[in-house]
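File shown: upload_36.cif (mmCIF, C-alpha atoms and all ligand atoms).
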```cif
data_my_file
#
loop_
_atom_site.label_atom_id
_atom_site.label_comp_id
_atom_site.auth_asym_id
_atom_site.auth_seq_id
_atom_site.Cartn_x
_atom_site.Cartn_y
_atom_site.Cartn_z
CA MET B 107 11.74 290.82 -258.22
CA LYS B 108 12.60 288.09 -260.71
CA ILE B 109 12.41 284.71 -259.02
CA LEU B 110 13.70 281.48 -260.52
CA VAL B 111 11.59 278.57 -259.29
CA ILE B 112 13.24 275.16 -259.45
CA ASN B 113 11.57 271.79 -258.97
CA CYS B 114 14.37 269.25 -259.15
CA GLY B 115 13.76 265.50 -259.48
CA SER B 116 16.29 262.68 -259.74
CA SER B 117 16.59 262.92 -263.54
CA SER B 118 14.47 265.95 -264.39
CA LEU B 119 14.27 269.62 -263.48
CA LYS B 120 11.33 271.96 -264.06
CA PHE B 121 11.88 275.71 -263.94
CA GLN B 122 9.96 278.97 -264.22
CA LEU B 123 11.22 282.53 -264.06
CA ILE B 124 8.46 284.58 -262.43
CA ASP B 125 8.16 288.34 -261.95
CA SER B 126 6.91 288.55 -258.38
CA GLU B 127 5.27 291.97 -258.80
CA SER B 128 3.17 291.21 -261.89
CA GLU B 129 3.08 287.46 -261.03
CA LYS B 130 3.71 286.78 -264.73
CA VAL B 131 5.77 283.82 -265.96
CA LEU B 132 8.65 285.27 -268.00
CA ALA B 133 9.93 281.89 -269.20
CA LYS B 134 9.56 278.26 -268.31
CA GLY B 135 10.89 274.87 -269.24
CA LEU B 136 12.10 271.44 -268.35
CA CYS B 137 15.34 269.43 -268.42
CA GLU B 138 14.78 265.72 -268.89
CA ARG B 139 16.97 262.61 -268.77
CA ILE B 140 19.69 264.38 -266.78
CA ALA B 141 22.79 262.15 -266.65
CA ILE B 142 21.07 259.68 -269.00
CA ASP B 143 21.55 259.27 -272.78
CA GLY B 144 19.34 261.60 -274.81
CA SER B 145 19.16 264.49 -272.28
CA MET B 146 17.04 267.39 -273.52
CA ILE B 147 15.98 270.85 -272.49
CA THR B 148 12.63 272.41 -273.36
CA TYR B 149 12.49 276.19 -273.08
CA GLN B 150 9.68 278.65 -273.72
CA PRO B 151 9.83 282.41 -273.20
CA ALA B 152 6.47 284.14 -272.50
CA GLY B 153 4.65 284.63 -275.80
CA GLY B 154 7.39 282.76 -277.70
CA GLU B 155 7.80 279.41 -279.34
CA LYS B 156 8.62 276.31 -277.31
CA GLU B 157 12.05 274.96 -278.30
CA LYS B 158 13.37 271.48 -277.54
CA THR B 159 17.12 270.83 -277.72
CA VAL B 160 18.75 267.45 -277.28
CA THR B 161 22.09 268.12 -275.58
CA PRO B 162 24.27 266.21 -273.12
CA MET B 163 23.77 266.96 -269.40
CA ALA B 164 26.27 265.06 -267.30
CA ASP B 165 24.68 266.19 -264.03
CA HIS B 166 22.27 268.70 -262.47
CA THR B 167 24.88 271.48 -262.38
CA GLU B 168 25.17 271.11 -266.15
CA ALA B 169 21.36 271.18 -266.47
CA ILE B 170 21.09 274.37 -264.43
CA ARG B 171 23.92 275.93 -266.44
CA LEU B 172 21.86 275.23 -269.59
CA VAL B 173 18.76 276.77 -267.97
CA LEU B 174 20.72 279.92 -267.12
CA ASP B 175 22.16 280.03 -270.66
CA ALA B 176 18.64 279.78 -272.10
CA LEU B 177 17.33 282.54 -269.82
CA THR B 178 20.19 284.87 -270.86
CA ASN B 179 20.32 283.82 -274.54
CA GLU B 180 20.69 286.88 -276.81
CA LYS B 181 17.74 285.98 -279.03
CA THR B 182 15.25 284.07 -276.90
CA GLY B 183 16.41 284.92 -273.37
CA VAL B 184 14.32 287.06 -271.02
CA VAL B 185 17.10 288.61 -268.90
CA LYS B 186 20.31 290.35 -270.01
CA ASP B 187 22.49 288.69 -267.41
CA LEU B 188 22.22 286.61 -264.28
CA SER B 189 22.40 289.62 -261.97
CA GLU B 190 18.75 290.25 -262.93
CA ILE B 191 17.70 287.07 -261.10
CA ASP B 192 16.99 288.26 -257.54
CA ALA B 193 16.35 284.94 -255.83
CA VAL B 194 15.80 281.22 -256.35
CA GLY B 195 12.91 279.26 -254.82
CA HIS B 196 13.34 275.48 -254.52
CA ARG B 197 10.60 272.94 -253.99
CA VAL B 198 11.64 270.41 -251.35
CA VAL B 199 9.43 267.42 -250.70
CA HIS B 200 10.10 266.56 -247.05
CA GLY B 201 10.75 269.01 -244.24
CA GLY B 202 9.97 266.54 -241.44
CA GLU B 203 8.79 268.08 -238.17
CA ARG B 204 11.52 270.68 -238.29
CA PHE B 205 9.95 272.92 -240.97
CA SER B 206 6.43 274.27 -240.68
CA GLU B 207 7.32 277.22 -242.94
CA SER B 208 9.51 278.04 -245.90
CA VAL B 209 13.05 279.17 -245.01
CA VAL B 210 16.06 280.92 -246.49
CA VAL B 211 18.76 278.38 -247.38
CA ASP B 212 21.90 278.22 -245.26
CA ASP B 213 24.24 275.39 -244.25
CA ASP B 214 22.09 274.50 -241.26
CA VAL B 215 18.96 274.22 -243.44
CA ILE B 216 20.80 272.02 -245.93
CA LYS B 217 21.91 269.73 -243.10
CA ALA B 218 18.31 269.53 -241.84
CA ILE B 219 17.03 268.61 -245.33
CA GLU B 220 19.71 265.91 -245.50
CA ASP B 221 18.50 264.61 -242.13
CA CYS B 222 14.96 264.26 -243.57
CA SER B 223 16.20 262.31 -246.60
CA ASP B 224 15.53 259.06 -244.78
CA LEU B 225 11.82 259.93 -244.93
CA ALA B 226 11.85 260.78 -248.66
CA PRO B 227 14.77 258.85 -250.15
CA LEU B 228 13.62 259.35 -253.75
CA HIS B 229 12.94 263.07 -253.48
CA ASN B 230 15.00 264.99 -250.91
CA PRO B 231 18.43 263.97 -252.29
CA ALA B 232 17.32 265.09 -255.77
CA ASN B 233 15.99 268.40 -254.37
CA LEU B 234 19.33 268.92 -252.61
CA ILE B 235 21.30 268.33 -255.80
CA GLY B 236 19.35 271.25 -257.34
CA ILE B 237 20.14 273.48 -254.36
CA HIS B 238 23.86 272.63 -254.46
CA ALA B 239 24.02 273.19 -258.23
CA CYS B 240 22.39 276.64 -257.93
CA ARG B 241 24.68 277.59 -255.04
CA LYS B 242 27.66 276.70 -257.21
CA LEU B 243 26.49 278.69 -260.23
CA MET B 244 24.86 281.64 -258.41
CA PRO B 245 26.76 281.86 -255.10
CA ASN B 246 25.49 285.32 -254.21
CA VAL B 247 21.83 284.87 -255.03
CA PRO B 248 19.59 284.24 -252.00
CA MET B 249 17.66 280.97 -252.03
CA VAL B 250 14.52 279.80 -250.31
CA VAL B 251 13.16 276.28 -249.82
CA VAL B 252 9.42 275.64 -249.82
CA PHE B 253 8.41 272.28 -248.34
CA ASP B 254 5.56 270.03 -249.54
CA THR B 255 5.00 268.95 -245.94
CA ALA B 256 5.10 272.37 -244.22
CA PHE B 257 1.42 273.36 -244.60
CA HIS B 258 0.34 270.15 -242.88
CA GLN B 259 2.45 270.69 -239.76
CA THR B 260 -0.55 272.31 -238.03
CA MET B 261 -2.34 268.93 -237.82
CA PRO B 262 -3.22 267.95 -234.26
CA GLN B 263 -1.61 264.89 -232.74
CA GLU B 264 -4.73 262.72 -233.10
CA ALA B 265 -4.62 263.36 -236.88
CA TYR B 266 -0.92 262.72 -237.39
CA LEU B 267 -0.33 259.73 -235.10
CA TYR B 268 -0.81 256.16 -236.32
CA GLY B 269 -2.14 253.40 -234.09
CA LEU B 270 1.37 252.01 -233.65
CA PRO B 271 3.64 251.65 -230.60
CA TYR B 272 4.37 255.26 -229.59
CA GLU B 273 8.09 254.49 -229.40
CA TYR B 274 8.22 254.36 -233.22
CA TYR B 275 7.11 257.97 -233.29
CA GLU B 276 9.58 258.90 -230.56
CA LYS B 277 12.51 257.00 -232.06
CA TYR B 278 11.90 257.31 -235.81
CA LYS B 279 9.30 260.09 -236.20
CA VAL B 280 6.87 257.67 -237.85
CA ARG B 281 3.74 259.81 -238.28
CA ARG B 282 1.54 261.39 -240.93
CA TYR B 283 3.28 264.29 -242.68
CA GLY B 284 1.17 264.83 -245.81
CA PHE B 285 2.32 266.21 -249.17
CA HIS B 286 1.17 268.62 -251.91
CA GLY B 287 1.09 271.20 -249.08
CA THR B 288 1.98 274.12 -251.35
CA SER B 289 -1.00 273.26 -253.54
CA HIS B 290 -3.42 272.71 -250.64
CA SER B 291 -2.39 276.04 -249.14
CA TYR B 292 -2.62 277.97 -252.44
CA VAL B 293 -5.99 276.49 -253.41
CA SER B 294 -7.66 276.89 -250.01
CA LYS B 295 -6.61 280.56 -249.84
CA LYS B 296 -7.78 281.14 -253.42
CA ALA B 297 -11.15 279.55 -252.53
CA ALA B 298 -11.67 282.06 -249.72
CA GLU B 299 -10.87 284.90 -252.16
CA LEU B 300 -13.21 283.46 -254.79
CA LEU B 301 -16.04 283.17 -252.25
CA GLY B 302 -15.36 286.64 -250.85
CA LYS B 303 -14.97 285.24 -247.32
CA LYS B 304 -12.25 285.45 -244.69
CA TYR B 305 -9.88 282.46 -244.90
CA GLU B 306 -9.88 282.20 -241.10
CA ASP B 307 -13.67 281.78 -241.03
CA LEU B 308 -13.96 278.84 -243.42
CA LYS B 309 -13.96 275.06 -243.36
CA ILE B 310 -12.51 273.90 -246.70
CA ILE B 311 -11.81 270.47 -248.19
CA VAL B 312 -9.23 270.48 -250.99
CA CYS B 313 -9.12 267.52 -253.39
CA HIS B 314 -5.78 267.66 -255.22
CA LEU B 315 -6.40 265.03 -257.88
CA GLY B 316 -3.44 264.58 -260.22
CA ASN B 317 -1.23 261.65 -260.98
CA GLY B 318 -0.51 261.77 -257.26
CA ALA B 319 -3.65 262.64 -255.31
CA SER B 320 -4.47 263.82 -251.81
CA VAL B 321 -7.28 265.46 -249.85
CA SER B 322 -6.90 267.89 -247.00
CA ALA B 323 -9.17 269.47 -244.40
CA VAL B 324 -8.43 273.15 -243.78
CA LYS B 325 -10.25 274.68 -240.82
CA ASN B 326 -9.96 278.38 -240.00
CA GLY B 327 -6.89 278.72 -242.21
CA LYS B 328 -5.03 275.72 -240.78
CA CYS B 329 -4.63 272.20 -242.10
CA VAL B 330 -6.22 269.77 -239.62
CA ASP B 331 -5.90 266.53 -241.59
CA THR B 332 -4.65 265.18 -244.90
CA SER B 333 -4.80 261.84 -246.67
CA MET B 334 -1.12 261.20 -247.51
CA GLY B 335 0.97 259.89 -244.66
CA LEU B 336 4.59 259.17 -243.78
CA THR B 337 5.03 258.82 -247.56
CA PRO B 338 2.86 259.82 -250.54
CA LEU B 339 1.55 256.24 -250.81
CA GLU B 340 -1.33 256.56 -248.34
CA GLY B 341 -4.84 257.84 -248.93
CA LEU B 342 -6.60 258.16 -252.26
CA ILE B 343 -6.28 255.74 -255.16
CA MET B 344 -3.85 257.45 -257.57
CA GLY B 345 -2.53 257.01 -261.11
CA THR B 346 -0.29 254.09 -260.16
CA ARG B 347 -0.30 254.16 -256.32
CA SER B 348 -2.68 252.04 -254.28
CA GLY B 349 -3.52 254.53 -251.53
CA ASP B 350 -4.99 252.93 -248.36
CA ILE B 351 -4.87 249.15 -248.15
CA ASP B 352 -4.94 246.62 -245.33
CA PRO B 353 -1.20 246.37 -244.47
CA ALA B 354 -1.53 242.58 -244.09
CA ILE B 355 -2.12 242.35 -247.87
CA ILE B 356 1.58 242.97 -248.36
CA GLU B 357 2.64 239.74 -246.66
CA TYR B 358 -0.26 237.80 -248.17
CA ILE B 359 0.59 238.67 -251.78
CA ALA B 360 4.34 238.51 -251.16
CA ASN B 361 3.89 234.86 -250.09
CA LYS B 362 1.58 233.97 -252.97
CA GLU B 363 3.77 235.63 -255.63
CA ASN B 364 7.15 235.05 -254.00
CA LYS B 365 7.97 238.74 -253.83
CA SER B 366 10.25 240.69 -251.48
CA ILE B 367 9.08 243.76 -249.52
CA GLU B 368 10.87 245.98 -252.05
CA GLU B 369 9.06 244.27 -254.91
CA MET B 370 5.75 244.64 -253.11
CA LEU B 371 6.39 248.36 -252.63
CA THR B 372 7.07 248.66 -256.35
CA VAL B 373 3.69 247.02 -256.98
CA LEU B 374 2.00 249.44 -254.57
CA ASN B 375 3.76 252.53 -255.99
CA LYS B 376 3.99 251.77 -259.69
CA LYS B 377 1.52 249.04 -260.68
CA SER B 378 -1.55 249.75 -258.59
CA GLY B 379 -4.05 252.59 -258.45
CA VAL B 380 -6.09 253.35 -261.54
CA LEU B 381 -3.52 251.52 -263.70
CA GLY B 382 -3.84 248.29 -261.73
CA LEU B 383 -7.60 248.56 -261.21
CA SER B 384 -8.18 249.09 -264.93
CA ASN B 385 -6.29 245.88 -265.71
CA ASN B 386 -3.40 247.97 -267.08
CA LEU B 387 -5.61 249.98 -269.43
CA SER B 388 -3.92 253.25 -268.35
CA SER B 389 -2.80 255.41 -265.45
CA ASP B 390 -3.84 258.49 -267.44
CA PHE B 391 -7.27 259.75 -266.48
CA ARG B 392 -7.96 260.93 -270.03
CA ASP B 393 -7.91 257.29 -271.17
CA ILE B 394 -9.96 256.22 -268.16
CA GLU B 395 -12.56 258.92 -268.87
CA ASN B 396 -12.79 257.95 -272.53
CA GLY B 397 -13.11 254.27 -271.63
CA TYR B 398 -15.75 255.11 -269.00
CA LEU B 399 -17.83 257.01 -271.55
CA ALA B 400 -17.51 254.11 -273.99
CA GLY B 401 -18.67 251.67 -271.28
CA ASP B 402 -15.34 249.77 -271.09
CA GLU B 403 -15.65 247.65 -267.94
CA ASN B 404 -12.01 248.12 -266.92
CA ALA B 405 -12.33 251.89 -267.11
CA VAL B 406 -15.72 251.93 -265.35
CA ARG B 407 -14.29 249.85 -262.48
CA ALA B 408 -11.25 252.12 -262.10
CA MET B 409 -13.28 255.33 -262.32
CA ASN B 410 -15.94 254.26 -259.83
CA THR B 411 -13.41 252.96 -257.30
CA PHE B 412 -11.30 256.12 -257.59
CA CYS B 413 -14.34 258.40 -257.09
CA TYR B 414 -15.68 256.29 -254.20
CA ARG B 415 -12.42 256.79 -252.28
CA VAL B 416 -12.54 260.57 -252.86
CA LEU B 417 -16.13 260.61 -251.63
CA LYS B 418 -15.18 258.65 -248.51
CA TYR B 419 -12.41 261.10 -247.60
CA ILE B 420 -14.72 264.06 -248.10
CA GLY B 421 -17.18 262.45 -245.68
CA ALA B 422 -14.41 261.82 -243.16
CA TYR B 423 -13.21 265.42 -243.33
CA VAL B 424 -16.72 266.83 -242.97
CA ALA B 425 -16.84 264.82 -239.75
CA VAL B 426 -13.38 265.99 -238.65
CA MET B 427 -14.29 269.67 -239.11
CA ASN B 428 -17.91 269.28 -237.95
CA GLY B 429 -19.07 270.72 -241.28
CA VAL B 430 -17.72 272.18 -244.48
CA ASP B 431 -18.25 275.45 -246.36
CA ALA B 432 -16.44 274.68 -249.60
CA ILE B 433 -15.01 271.69 -251.46
CA CYS B 434 -12.29 272.48 -254.01
CA PHE B 435 -11.03 270.39 -256.91
CA THR B 436 -7.56 270.98 -258.31
CA ALA B 437 -4.60 269.44 -260.26
CA GLY B 438 -4.69 267.62 -263.63
CA VAL B 439 -7.74 265.46 -262.94
CA GLY B 440 -9.54 267.74 -260.47
CA GLU B 441 -9.29 270.73 -262.82
CA ASN B 442 -10.15 268.92 -266.04
CA GLY B 443 -12.50 266.15 -265.01
CA PRO B 444 -16.18 267.20 -265.06
CA ILE B 445 -17.21 263.53 -264.99
CA ILE B 446 -15.25 262.81 -261.83
CA ARG B 447 -16.64 265.93 -260.12
CA ASN B 448 -20.16 264.86 -261.13
CA ILE B 449 -19.77 261.33 -259.79
CA VAL B 450 -18.34 262.60 -256.48
CA CYS B 451 -20.85 265.41 -256.00
CA GLU B 452 -23.86 263.22 -256.88
CA ASN B 453 -23.50 261.68 -253.42
CA LEU B 454 -23.09 264.93 -251.52
CA GLY B 455 -26.77 265.86 -251.41
CA TYR B 456 -26.56 265.71 -247.61
CA LEU B 457 -24.36 268.82 -247.78
CA GLY B 458 -27.00 270.61 -249.86
CA ILE B 459 -24.73 270.58 -252.92
CA GLU B 460 -26.33 271.41 -256.27
CA LEU B 461 -23.91 271.45 -259.23
CA ASP B 462 -24.32 274.01 -262.00
CA GLN B 463 -23.63 271.76 -265.01
CA GLU B 464 -22.66 274.61 -267.33
CA ALA B 465 -20.06 275.89 -264.86
CA ASN B 466 -18.83 272.33 -264.23
CA ASN B 467 -17.97 271.98 -267.92
CA LYS B 468 -15.71 275.05 -268.02
CA ARG B 469 -11.92 274.63 -267.81
CA GLY B 470 -8.88 276.61 -266.79
CA GLU B 471 -10.38 279.27 -264.52
CA ASP B 472 -11.12 279.77 -260.82
CA ILE B 473 -14.82 279.06 -260.69
CA VAL B 474 -17.66 278.13 -258.34
CA ILE B 475 -19.47 275.19 -259.96
CA THR B 476 -22.49 275.06 -257.66
CA THR B 477 -25.75 277.01 -258.03
CA PRO B 478 -26.26 280.14 -255.88
CA GLU B 479 -28.73 278.09 -253.77
CA SER B 480 -26.20 275.34 -253.02
CA ARG B 481 -25.66 275.23 -249.23
CA THR B 482 -22.04 274.05 -249.59
CA LYS B 483 -19.99 275.55 -252.42
CA VAL B 484 -17.87 273.52 -254.81
CA CYS B 485 -14.99 275.28 -256.60
CA VAL B 486 -12.54 274.36 -259.32
CA ILE B 487 -9.25 276.17 -258.78
CA PRO B 488 -6.26 275.50 -261.05
CA THR B 489 -3.32 274.98 -258.73
CA ASN B 490 -0.14 276.98 -259.23
CA GLU B 491 2.63 275.61 -257.04
CA GLU B 492 5.32 277.60 -258.90
CA LEU B 493 3.58 280.90 -258.21
CA ALA B 494 3.12 279.92 -254.56
CA ILE B 495 6.87 279.15 -254.33
CA ALA B 496 7.73 282.47 -256.02
CA ARG B 497 5.50 284.35 -253.55
CA GLU B 498 7.09 282.63 -250.57
CA THR B 499 10.58 283.29 -251.94
CA ALA B 500 9.88 286.99 -252.56
CA ARG B 501 8.33 287.34 -249.08
CA LEU B 502 11.33 285.81 -247.32
CA VAL B 503 14.03 287.47 -249.39
CA LYS B 504 12.53 290.93 -248.98
P1 LIG B 601 -0.93 266.28 -262.56
O1 LIG B 601 -0.24 265.23 -261.75
O2 LIG B 601 -1.61 267.33 -261.75
O3 LIG B 601 -0.07 266.85 -263.67
O4 LIG B 601 -2.13 265.53 -263.32
C1 LIG B 601 -1.91 264.53 -264.27
C2 LIG B 601 -3.21 263.81 -264.54
O5 LIG B 601 -4.18 264.75 -265.01
C3 LIG B 601 -3.08 262.74 -265.62
O6 LIG B 601 -3.68 261.54 -265.18
C4 LIG B 601 -3.87 263.31 -266.77
O7 LIG B 601 -4.51 262.33 -267.50
C5 LIG B 601 -4.90 264.17 -266.09
N1 LIG B 601 -5.43 265.14 -267.03
C6 LIG B 601 -4.75 266.12 -267.65
N2 LIG B 601 -5.56 266.77 -268.53
C7 LIG B 601 -6.77 266.15 -268.46
C8 LIG B 601 -8.03 266.33 -269.12
N3 LIG B 601 -8.18 267.26 -270.03
N4 LIG B 601 -9.05 265.52 -268.76
C9 LIG B 601 -8.90 264.56 -267.80
N5 LIG B 601 -7.73 264.34 -267.17
C10 LIG B 601 -6.69 265.12 -267.47
#
```
Could the structure of this file be written out as structure tokens, please?
Ligand code: AMP
Amino acid sequence: MKILVINCGSSSLKFQLIDSESEKVLAKGLCERIAIDGSMITYQPAGGEKEKTVTPMADHTEAIRLVLDALTNEKTGVVKDLSEIDAVGHRVVHGGERFSESVVVDDDVIKAIEDCSDLAPLHNPANLIGIHACRKLMPNVPMVVVFDTAFHQTMPQEAYLYGLPYEYYEKYKVRRYGFHGTSHSYVSKKAAELLGKKYEDLKIIVCHLGNGASVSAVKNGKCVDTSMGLTPLEGLIMGTRSGDIDPAIIEYIANKENKSIEEMLTVLNKKSGVLGLSNNLSSDFRDIENGYLAGDENAVRAMNTFCYRVLKYIGAYVAVMNGVDAICFTAGVGENGPIIRNIVCENLGYLGIELDQEANNKRGEDIVITTPESRTKVCVIPTNEELAIARETARLVK
């Protein structure tokens, strides 16, 4: 089956056309600045040149129309006509408590995603725009939604409840949901394959370290805890997000700096994390790594504080699962950052971890980076959320 995977943001849209049998990417690309001046589409067929075209896109329907035109283009397209696209898989950020699995899209599902928009006001409405646009342009093609929160719905109550009045959970569903679920699920399953063990027999910690970052504890094939919460702001220190802080800091700084709650949330989401800690040096870990190696004090501070938080979560999740068999690193920083993995693993001697430095310096492959003697294994597994969405879509449409 040929599956079109769509990840729709408020002004951007990433896409991949994937053959679900061979699991090969036939073409991929990105629409940027949708409904903003200077809209552009980047398109790359497998084995072909990447082409960037600046062209007006009044809305997401227009963007998807351009994607479909590119895929069926006489010269650079990869399908003859749209009837070759068997299904569309959409990434949706928040499925609330309603969705613990991916589902085929119908009116009822769309209504339920709308109902969750309150919990993800920046993401769910944008995801829905992509679904509506595809329905308009490909009315007879089945569609599936894959939720970022679904994998974490197996968490027990003690992991997902906050220490708040219970009525807020009952009335407003204030609880931990967790995000990056598609990645945590894909990587933990891949780790079991890589180690040649049954997924259901393992205790795995997945560190998804990208611009957004989260850790999860996966015990016997089920997520039992994760670091992001009601929103993706909780947990690890990220590119620009603060992660865990004392909530009273918000009022304290708001008073000192005369800021509103909205302004404080902008600080926590956009100006904090590695960017804020490094005194605005960068939110990009490549710059932080370079600065760290050069001994720049802003970069050293940001790097050490980031790694310390990862280490702390690993310790917490070892406790939660009463042990761990494998720790996995994934996403932009986790996959490419040997320095970060070294700093974190240096303090995991109590788990019997011994890194194999040569393996730790490799990039871009599923690999165990500990020595054969290492009691707990550490793996680097490039995440592939698009492939996971294509697999889910093919499974449900079949
Ligand atoms: P993601 O959100 O998974 O796309 O990850 C983005 C983050 O990965 C950015 O902070 C990048 O700086 C970081 N990243 C990408 N490539 C590298 C690399 N080669 N070395 C270190 N960090 C990287």
Counting all atoms listed in the file, what residues are within 10 Å of ligand LIG 601 (chain B), given as a compact mmCIF listing (two decimals) with C-alpha atoms, keeping the file's coordinate frame?
```txt
# COMPACT_ATOMS: atom_id res chain seq x y z
CA HIS B 314 -5.78 267.66 -255.22
CA LEU B 315 -6.40 265.03 -257.88
CA GLY B 316 -3.44 264.58 -260.22
CA ASN B 317 -1.23 261.65 -260.98
CA GLY B 318 -0.51 261.77 -257.26
CA ALA B 319 -3.65 262.64 -255.31
CA MET B 344 -3.85 257.45 -257.57
CA GLY B 345 -2.53 257.01 -261.11
CA THR B 346 -0.29 254.09 -260.16
CA VAL B 380 -6.09 253.35 -261.54
CA SER B 388 -3.92 253.25 -268.35
CA SER B 389 -2.80 255.41 -265.45
CA ASP B 390 -3.84 258.49 -267.44
CA PHE B 391 -7.27 259.75 -266.48
CA ARG B 392 -7.96 260.93 -270.03
CA ASP B 393 -7.91 257.29 -271.17
CA ILE B 394 -9.96 256.22 -268.16
CA GLU B 395 -12.56 258.92 -268.87
CA ASN B 396 -12.79 257.95 -272.53
CA THR B 436 -7.56 270.98 -258.31
CA ALA B 437 -4.60 269.44 -260.26
CA GLY B 438 -4.69 267.62 -263.63
CA VAL B 439 -7.74 265.46 -262.94
CA GLY B 440 -9.54 267.74 -260.47
CA GLU B 441 -9.29 270.73 -262.82
CA ASN B 442 -10.15 268.92 -266.04
CA GLY B 443 -12.50 266.15 -265.01
CA PRO B 444 -16.18 267.20 -265.06
CA ILE B 445 -17.21 263.53 -264.99
CA ILE B 446 -15.25 262.81 -261.83
CA ARG B 469 -11.92 274.63 -267.81
CA GLY B 470 -8.88 276.61 -266.79
CA PRO B 488 -6.26 275.50 -261.05
CA THR B 489 -3.32 274.98 -258.73
```
If we count all atoms listed in the file, what is near Glu207 in chain B at a cut-off of 8 Å, once residues fewer than 6 positions away on the same chain are taken out, given as a PDB file with C-alpha atoms, keeping the file's coordinate frame?
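Result saved to result.pdb:
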```
ATOM      1  CA  VAL B 252       9.420 275.640-249.820  1.00  0.00           C
ATOM      2  CA  PHE B 253       8.410 272.280-248.340  1.00  0.00           C
ATOM      3  CA  ALA B 256       5.100 272.370-244.220  1.00  0.00           C
ATOM      4  CA  PHE B 257       1.420 273.360-244.600  1.00  0.00           C
TER       5      PHE B 257
END
```
For this session: Go through B:Ala494, B:Ala354, B:Ile459, B:Ala425 and flag the residue nearest His290 in chain B, using only C-alpha atoms for the distances.
Result: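 Ranking B:Ala494, B:Ala354, B:Ile459, B:Ala425 by distance to His290 in chain B, first place goes to B:Ala494.
Closest approach to Ser289 in chain B among B:Thr476, B:Asp462, B:Val210, B:Ile495: B:Ile495, based on all atoms listed in the file.
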Exercise. CA of Val474 in chain B to CA of Tyr456 in chain B: how many Å, to one decimal?
Worked result: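 Between CA of Val474 in chain B and CA of Tyr456 in chain B the gap works out to 18.7 Å.
Closest approach to Pro248 in chain B among B:Ile191, B:Ala465, B:Ala422, B:Val406: B:Ile191, based on all atoms listed in the file.
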Problem set entry | Residue with smallest distance to Cys329 in chain B - pool B:Val280, B:Met244, B:Val426, B:Leu381, counting all atoms listed in the file |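 Selected residue with least distance to Cys329 in chain B: B:Val426.
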Show me, as a tab-separated table (two decimals) with C-alpha atoms, in the coordinates of the input, the residues that have an atom within 10 Å of Gly153 in chain B when counting only C-alpha atoms, minus same-chain residues fewer than 5 positions from it.
```
chain	number	residue	atom	x	y	z
B	131	VAL	CA	5.77	283.82	-265.96
B	132	LEU	CA	8.65	285.27	-268.00
B	133	ALA	CA	9.93	281.89	-269.20
```
For this session: Enter the distance from CA of Ile219 in chain B to CA of Ile109 in chain B, in Å, rounded to one decimal.
Result: 21.6 Å
For this session: Show which residues sit within 9 Å of Cys137 in chain B, as a VMD selection string. Count all atoms listed in the file, and ignore same-chain residues fewer than 3 positions away.
Result: chain B and resid 117 to 121 140 145 to 149 163 169 to 170 172 to 173
Seminar exercise, completed: What separates CA of Val503 in chain B and CA of Ile124 in chain B is a distance of 14.5 Å
Exercise. Using all atoms listed in the file, which of the listed residues (B:Thr482, B:Ser366, B:Ser333, B:Gln259) sits closest to Ile433 in chain B?
Worked result: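 The shortest atom-to-atom distance to Ile433 in chain B comes from B:Thr482.
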List as a short mmCIF file (atom, residue, chain, number, x, y, z; two decimals) with C-alpha atoms, keeping the file's coordinate frame the protein and nucleic acid residues near Glu369 in chain B, meaning an atom at most 12 Å away when only C-alpha atoms are counted, but skip any in the same chain fewer than 5 places from it.
```
data_model
loop_
_atom_site.label_atom_id
_atom_site.label_comp_id
_atom_site.auth_asym_id
_atom_site.auth_seq_id
_atom_site.Cartn_x
_atom_site.Cartn_y
_atom_site.Cartn_z
CA ILE B 356 1.58 242.97 -248.36
CA GLU B 357 2.64 239.74 -246.66
CA ILE B 359 0.59 238.67 -251.78
CA ALA B 360 4.34 238.51 -251.16
CA ASN B 361 3.89 234.86 -250.09
CA GLU B 363 3.77 235.63 -255.63
CA ASN B 364 7.15 235.05 -254.00
CA LEU B 374 2.00 249.44 -254.57
CA ASN B 375 3.76 252.53 -255.99
CA LYS B 376 3.99 251.77 -259.69
CA LYS B 377 1.52 249.04 -260.68
#
```
Problem set entry | Surrounding residues of Leu243 in chain B excluding itself and chain neighbours under 3 positions, 8 Å, all atoms listed in the file, as a PyMOL selection string | chain B and resi 167+171+239-240
Let me have the centre and edge lengths of the axis-aligned box enclosing all listed atoms of range 162-179 of chain B with 6 Å padding on every side, in Å to one decimal, as lines of an AutoDock Vina configuration file.
```
center_x = 21.8
center_y = 275.0
center_z = -268.5
size_x = 20.9
size_y = 31.8
size_z = 24.2
```
Exercise. Between B:His286, B:Lys296, B:His166, B:Arg139, which has the minimum distance to Thr332 in chain B (counting only C-alpha atoms)?
Worked result: B:His286
For this session: Kindly extract all protein, DNA and RNA residues lying within 12 Å of the coordinates (10.2, 289.7, -270.5) given in the file, considering only C-alpha atoms, and supply them as a list of chain:residue names.
Result: B:Lys108, B:Leu123, B:Ile124, B:Asp125, B:Ser128, B:Lys130, B:Val131, B:Leu132, B:Ala133, B:Lys134, B:Gln150, B:Pro151, B:Ala152, B:Gly153, B:Gly154, B:Leu177, B:Thr178, B:Lys181, B:Thr182, B:Gly183, B:Val184, B:Val185, B:Lys186, B:Glu190
